[in-house]
Structures are given as C-alpha cells and as structure tokens.
Amino acid sequence: MDPSLVRTLPLFSKLSAAELDMLLEQATLRRFAIGEAVFEQGAAATQFFLLLHGRLKVTQVTADGQQIIVRMVHPGDIFGFAKALQRDDYPGTPTASAESVVICWPTQVWDLFIEKNPHLAVNAMQTIGQRLQEAHTRIREMATEEVERRVAHAVLRLIIQAGKTESAGI
C-alpha cells in the first residue's frame, strides 16, 4: 500500500517512514459499494479500520428491533476498534453511504500498534472521548429539547463534520 495515501492524515503524521511502512505492511485495502456493510453488529471483532475515502453510516439495532443511526464515519476516522473498548464484538454496523475505501488491520495487532506508536493510542483516546462527548450532547438534547431543535442541531453537526463549501453555500 502506498504510504502517501495516509501520510497527511493526523493519525499518521508523527510516524517515521519506517513506522508507517510497518503499519501498512499488516493492512489490507477494501472497497465497499453503497449499501454494503463493513461488518455486522454483534460479529466477532477481528479487525479495526480507517476510512480512507467515502462515508459510512453506523447503525445499531435495539433489543426491540428498532434501527438507530449512531454516527457517521468520515474520511480519516478510525472505527471498529472494539479491542480499545474492551469488547470482543462490534457494537454497530457501518454501512457505506457512498462508495468507500477502507484500510483494515487484524485486531491482534492493536496492542502492538499502541505500544510502538503512542500517537495512535492518544488518537484512539481522543476519538473515544469525542464520541462520548457527542453521546452526552445527544442525550442532553433528547432530554431537554423539542424535536425541531434536535433536528436543527443534527443538521448543524453534519454541516460541520461533512459539509463542503461551494459557491452556492455549504
């Protein structure tokens, strides 16, 4: 895999060329068509991932069968790192909302990644912290705000996370 594909991502920016090569030697590249799942909720967590291109929608199915959108995965985001959450299975299902390219690593190398590359550990902690903060915000909104305000906040979050500036607006 060509290191230039990931060299500019914050996750890899502090790694030496040799460290990056070592990480990429253990990686595989996969493409997902719109509507295709990267993995299924409840499946054994055998890999962790980085979205290189595209967009993924992560859903969870509740005990009573309702499907909810948990989050969106954007290019440069790591996901599916169940091992960092002390889980043996995946808590949700990421599905391609656009043609997507994903880098995959076997779960067994997670501990080695963290040990050899503290920046990856810090990035994972920041990602988990950010997701926890987003969950707290959503819980607070559901408990205290009317539907219209919650929808407006969701749209604003999507604009910030995924909006593209064009001549007619975002």
# chains A, B, ... in the order shown; residues from 1 in each chain; ligands from 1
$ select_by_dssp --residues "region 115-168 of chain A" --states "helix (DSSP H, G or I)" --output "PyMOL selection string"
chain A and resi 115-116+118-144+147-162
$ residues_around --residues "Arg87 (chain A)" --least-positions-apart "3" --cutoff "12 Å" --atoms "only C-alpha atoms" --output "short mmCIF file (atom, residue, chain, number, x, y, z; two decimals) with N, CA and C atoms, in the first residue's frame"
data_model
loop_
_atom_site.label_atom_id
_atom_site.label_comp_id
_atom_site.auth_asym_id
_atom_site.auth_seq_id
_atom_site.Cartn_x
_atom_site.Cartn_y
_atom_site.Cartn_z
N GLN A 41 -23.22 -5.69 13.35
CA GLN A 41 -23.35 -5.57 14.79
C GLN A 41 -23.38 -6.96 15.41
N GLY A 42 -22.58 -7.16 16.47
CA GLY A 42 -22.55 -8.43 17.17
C GLY A 42 -21.55 -9.43 16.62
N ALA A 43 -20.99 -9.16 15.45
CA ALA A 43 -19.99 -10.07 14.87
C ALA A 43 -18.69 -9.97 15.67
N ALA A 44 -17.94 -11.04 15.66
CA ALA A 44 -16.64 -11.05 16.36
C ALA A 44 -15.75 -9.96 15.77
N ALA A 45 -15.14 -9.17 16.64
CA ALA A 45 -14.28 -8.07 16.22
C ALA A 45 -12.91 -8.63 15.83
N THR A 46 -12.73 -8.85 14.54
CA THR A 46 -11.49 -9.44 14.05
C THR A 46 -10.56 -8.43 13.40
N GLY A 80 -14.35 0.73 14.47
CA GLY A 80 -14.32 -0.72 14.65
C GLY A 80 -13.21 -1.18 15.58
N PHE A 81 -12.67 -0.28 16.39
CA PHE A 81 -11.58 -0.67 17.29
C PHE A 81 -12.18 -1.14 18.61
N ALA A 82 -12.95 -2.22 18.53
CA ALA A 82 -13.64 -2.79 19.69
C ALA A 82 -12.67 -3.17 20.79
N LYS A 83 -11.48 -3.60 20.42
CA LYS A 83 -10.47 -4.00 21.41
C LYS A 83 -10.15 -2.86 22.37
N ALA A 84 -10.10 -1.63 21.86
CA ALA A 84 -9.82 -0.48 22.71
C ALA A 84 -10.95 -0.23 23.69
N TYR A 90 -18.48 -6.25 17.61
CA TYR A 90 -18.73 -4.90 17.12
C TYR A 90 -20.08 -4.41 17.64
N PRO A 91 -20.14 -3.19 18.20
CA PRO A 91 -21.39 -2.70 18.78
C PRO A 91 -22.38 -2.13 17.76
N GLY A 92 -21.96 -1.96 16.51
CA GLY A 92 -22.84 -1.42 15.48
C GLY A 92 -22.44 -1.92 14.11
N THR A 107 -7.24 -7.35 14.40
CA THR A 107 -7.35 -6.90 15.79
C THR A 107 -6.13 -7.27 16.61
#
$ residues_around --residues "region 9-15 of chain A" --least-positions-apart "5" --cutoff "10 Å" --atoms "only C-alpha atoms" --output "short mmCIF file (atom, residue, chain, number, x, y, z; two decimals) with all heavy atoms, in the first residue's frame"
data_model
loop_
_atom_site.label_atom_id
_atom_site.label_comp_id
_atom_site.auth_asym_id
_atom_site.auth_seq_id
_atom_site.Cartn_x
_atom_site.Cartn_y
_atom_site.Cartn_z
N PRO A 3 2.23 4.59 1.04
CA PRO A 3 2.16 5.41 2.26
C PRO A 3 1.61 6.82 2.02
O PRO A 3 1.07 7.43 2.94
CB PRO A 3 3.62 5.48 2.73
CG PRO A 3 4.29 4.31 2.11
CD PRO A 3 3.58 4.07 0.81
N SER A 4 1.72 7.32 0.80
CA SER A 4 1.23 8.67 0.53
C SER A 4 -0.29 8.77 0.69
O SER A 4 -0.83 9.85 0.87
CB SER A 4 1.64 9.14 -0.87
OG SER A 4 0.97 8.39 -1.86
N LEU A 20 5.51 3.90 9.65
CA LEU A 20 4.35 3.87 8.77
C LEU A 20 4.38 2.65 7.87
O LEU A 20 3.37 1.97 7.68
CB LEU A 20 4.28 5.16 7.94
CG LEU A 20 3.05 5.31 7.04
CD1 LEU A 20 1.77 5.23 7.86
CD2 LEU A 20 3.12 6.62 6.29
N ASP A 21 5.54 2.33 7.33
CA ASP A 21 5.68 1.13 6.49
C ASP A 21 5.30 -0.13 7.27
O ASP A 21 4.60 -1.00 6.75
CB ASP A 21 7.10 1.00 5.95
CG ASP A 21 7.40 2.00 4.85
OD1 ASP A 21 6.45 2.58 4.29
OD2 ASP A 21 8.60 2.22 4.57
N LEU A 23 3.24 -0.38 9.81
CA LEU A 23 1.79 -0.42 9.99
C LEU A 23 1.07 -0.84 8.71
O LEU A 23 0.13 -1.63 8.74
CB LEU A 23 1.27 0.95 10.44
CG LEU A 23 1.70 1.45 11.80
CD1 LEU A 23 1.12 2.83 12.07
CD2 LEU A 23 1.27 0.48 12.89
N LEU A 50 -9.76 2.14 9.13
CA LEU A 50 -9.63 3.57 8.88
C LEU A 50 -10.34 3.85 7.57
O LEU A 50 -10.08 3.17 6.56
CB LEU A 50 -8.16 3.98 8.78
CG LEU A 50 -7.99 5.44 8.41
CD1 LEU A 50 -7.33 6.21 9.55
CD2 LEU A 50 -7.16 5.60 7.16
N LEU A 52 -10.66 5.69 4.40
CA LEU A 52 -9.76 6.46 3.55
C LEU A 52 -10.55 7.38 2.62
O LEU A 52 -10.18 8.53 2.39
CB LEU A 52 -8.89 5.51 2.73
CG LEU A 52 -7.65 6.04 2.09
CD1 LEU A 52 -6.73 6.70 3.10
CD2 LEU A 52 -6.91 4.92 1.37
N PRO A 75 -13.89 10.41 6.17
CA PRO A 75 -12.51 10.07 5.80
C PRO A 75 -11.51 10.50 6.86
O PRO A 75 -11.59 11.61 7.40
CB PRO A 75 -12.31 10.82 4.48
CG PRO A 75 -13.69 10.90 3.91
CD PRO A 75 -14.59 11.12 5.10
N GLY A 76 -10.59 9.59 7.18
CA GLY A 76 -9.58 9.85 8.20
C GLY A 76 -9.97 9.32 9.57
O GLY A 76 -9.14 9.28 10.47
N ASP A 77 -11.23 8.91 9.75
CA ASP A 77 -11.70 8.38 11.05
C ASP A 77 -11.31 6.91 11.19
O ASP A 77 -11.46 6.13 10.25
CB ASP A 77 -13.22 8.46 11.17
CG ASP A 77 -13.75 9.86 11.36
OD1 ASP A 77 -12.94 10.79 11.54
OD2 ASP A 77 -14.98 10.02 11.31
N ILE A 78 -10.85 6.55 12.40
CA ILE A 78 -10.68 5.13 12.71
C ILE A 78 -12.00 4.66 13.31
O ILE A 78 -12.74 5.42 13.94
CB ILE A 78 -9.49 4.86 13.66
CG1 ILE A 78 -9.60 5.65 14.95
CG2 ILE A 78 -8.18 5.11 12.98
CD1 ILE A 78 -8.54 5.28 15.98
N ASN A 117 3.48 2.87 18.88
CA ASN A 117 3.10 4.18 18.35
C ASN A 117 2.16 4.89 19.33
O ASN A 117 0.94 4.86 19.15
CB ASN A 117 2.41 4.02 16.99
CG ASN A 117 3.30 3.29 16.02
OD1 ASN A 117 4.28 3.84 15.55
ND2 ASN A 117 2.99 2.03 15.75
N PRO A 118 2.72 5.53 20.35
CA PRO A 118 1.89 6.20 21.35
C PRO A 118 0.91 7.21 20.73
O PRO A 118 -0.16 7.44 21.27
CB PRO A 118 2.90 6.90 22.25
CG PRO A 118 4.19 6.21 22.02
CD PRO A 118 4.15 5.66 20.63
N HIS A 119 1.29 7.78 19.59
CA HIS A 119 0.39 8.74 18.93
C HIS A 119 -0.93 8.07 18.55
O HIS A 119 -1.99 8.69 18.64
CB HIS A 119 1.07 9.35 17.70
CG HIS A 119 0.22 10.38 17.02
ND1 HIS A 119 -0.08 11.58 17.61
CD2 HIS A 119 -0.39 10.36 15.81
CE1 HIS A 119 -0.85 12.27 16.78
NE2 HIS A 119 -1.04 11.56 15.69
N LEU A 120 -0.88 6.80 18.15
CA LEU A 120 -2.11 6.08 17.83
C LEU A 120 -2.97 5.90 19.08
O LEU A 120 -4.19 6.01 19.02
CB LEU A 120 -1.78 4.71 17.21
CG LEU A 120 -1.12 4.74 15.84
CD1 LEU A 120 -0.75 3.33 15.41
CD2 LEU A 120 -2.02 5.38 14.82
N ALA A 121 -2.34 5.62 20.21
CA ALA A 121 -3.08 5.48 21.47
C ALA A 121 -3.75 6.79 21.83
O ALA A 121 -4.92 6.81 22.22
CB ALA A 121 -2.14 5.01 22.58
N VAL A 122 -3.02 7.88 21.71
CA VAL A 122 -3.58 9.19 22.02
C VAL A 122 -4.74 9.49 21.09
O VAL A 122 -5.80 9.96 21.51
CB VAL A 122 -2.49 10.29 21.94
CG1 VAL A 122 -3.10 11.68 22.00
CG2 VAL A 122 -1.47 10.09 23.05
N ASN A 123 -4.57 9.21 19.80
CA ASN A 123 -5.62 9.46 18.83
C ASN A 123 -6.86 8.63 19.16
O ASN A 123 -7.98 9.13 19.09
CB ASN A 123 -5.13 9.15 17.41
CG ASN A 123 -6.16 9.52 16.38
OD1 ASN A 123 -7.11 8.79 16.15
ND2 ASN A 123 -5.97 10.67 15.74
N ALA A 124 -6.67 7.37 19.52
CA ALA A 124 -7.80 6.50 19.88
C ALA A 124 -8.52 7.05 21.10
O ALA A 124 -9.76 7.09 21.14
CB ALA A 124 -7.32 5.08 20.12
#
$ closest_residue --among "A:Cys104, A:Val58, A:Val70, A:Leu51" --to "Arg138 (chain A)" --atoms "only C-alpha atoms"
A:Val70
$ residues_around --residues "Met1 (chain A)" --least-positions-apart "3" --cutoff "10 Å" --atoms "only C-alpha atoms" --output "MDAnalysis selection string"
chainID A and resid 4:6 21 24:29 103
$ residues_around --residues "region 155-165 of chain A" --least-positions-apart "4" --cutoff "9 Å" --atoms "only C-alpha atoms" --output "compact mmCIF listing (two decimals) with N, CA and C atoms, in the first residue's frame"
# COMPACT_ATOMS: atom_id res chain seq x y z
N MET A 72 -21.86 9.00 11.98
CA MET A 72 -21.33 8.93 10.62
C MET A 72 -19.81 8.84 10.73
N HIS A 74 -16.30 9.57 8.77
CA HIS A 74 -15.80 10.44 7.71
C HIS A 74 -14.37 10.04 7.35
N ARG A 150 -33.67 19.61 18.11
CA ARG A 150 -32.77 18.45 17.97
C ARG A 150 -32.42 18.22 16.51
N VAL A 151 -33.40 18.36 15.63
CA VAL A 151 -33.15 18.21 14.19
C VAL A 151 -32.19 19.30 13.72
N GLY A 169 -23.14 27.83 -1.32
CA GLY A 169 -23.23 27.62 0.12
C GLY A 169 -22.53 26.34 0.53
N ILE A 170 -22.96 25.79 1.66
CA ILE A 170 -22.35 24.56 2.14
C ILE A 170 -23.24 23.39 1.77
$ residues_around --residues "Pro106 (chain A)" --least-positions-apart "2" --cutoff "6 Å" --atoms "only C-alpha atoms" --output "list in words"
Thr46, Gln47, Gln108 and Val109 of chain A
$ atom_distance --atom1 "CA of Ala33 (chain A)" --atom2 "CA of Ala168 (chain A)"
28.9 Å
$ closest_residue --among "A:Glu19, A:Asp89, A:Asp64, A:Asp2" --to "Phe39 (chain A)" --atoms "only C-alpha atoms"
A:Asp89
$ select_by_dssp --residues "region 6-150 of chain A" --states "strand (DSSP E)" --output "PyMOL selection string"
chain A and resi 28-32+47-61+67-73+78-79+93-106
$ write_last_selection --atoms "C-alpha atoms" --output "CSV table (one decimal), in the first residue's frame"
chain,number,residue,atom,x,y,z
A,28,THR,CA,-5.4,-4.5,3.6
A,29,LEU,CA,-7.4,-2.2,1.4
A,30,ARG,CA,-11.1,-2.9,0.8
A,31,ARG,CA,-13.7,-1.2,-1.3
A,32,PHE,CA,-17.4,-1.0,-0.3
A,47,GLN,CA,-10.3,-6.2,12.5
A,48,PHE,CA,-10.1,-2.4,13.1
A,49,PHE,CA,-10.4,0.1,10.3
A,50,LEU,CA,-9.6,3.6,8.9
A,51,LEU,CA,-11.9,5.2,6.4
A,52,LEU,CA,-9.8,6.5,3.5
A,53,HIS,CA,-12.5,7.6,1.1
A,54,GLY,CA,-16.3,7.8,1.2
A,55,ARG,CA,-18.8,7.9,4.0
A,56,LEU,CA,-20.2,5.3,6.4
A,57,LYS,CA,-23.4,5.3,8.4
A,58,VAL,CA,-23.1,3.4,11.7
A,59,THR,CA,-26.4,1.9,12.9
A,60,GLN,CA,-27.4,-0.2,15.9
A,61,VAL,CA,-30.5,-2.4,16.2
A,67,GLN,CA,-32.6,0.6,14.0
A,68,ILE,CA,-31.0,3.8,15.0
A,69,ILE,CA,-28.2,5.8,13.4
A,70,VAL,CA,-25.4,6.1,16.0
A,71,ARG,CA,-22.9,8.2,14.0
A,72,MET,CA,-21.3,8.9,10.6
A,73,VAL,CA,-17.8,7.9,9.8
A,78,ILE,CA,-10.7,5.1,12.7
A,79,PHE,CA,-13.6,2.8,13.6
A,93,THR,CA,-23.0,-1.9,11.7
A,94,PRO,CA,-21.2,0.6,9.5
A,95,THR,CA,-22.7,0.7,6.0
A,96,ALA,CA,-21.4,2.6,3.0
A,97,SER,CA,-23.4,5.8,2.3
A,98,ALA,CA,-21.1,6.5,-0.7
A,99,GLU,CA,-18.6,4.4,-2.5
A,100,SER,CA,-15.9,3.9,0.2
A,101,VAL,CA,-12.3,2.7,0.6
A,102,VAL,CA,-11.3,1.3,4.0
A,103,ILE,CA,-7.9,0.2,5.4
A,104,CYS,CA,-8.2,-2.9,7.6
A,105,TRP,CA,-5.9,-4.3,10.2
A,106,PRO,CA,-6.2,-7.5,12.2
$ atom_distance --atom1 "CA of His153 (chain A)" --atom2 "CA of Glu166 (chain A)"
21.4 Å
$ atom_distance --atom1 "CA of Leu85 (chain A)" --atom2 "CA of Glu134 (chain A)"
16.5 Å
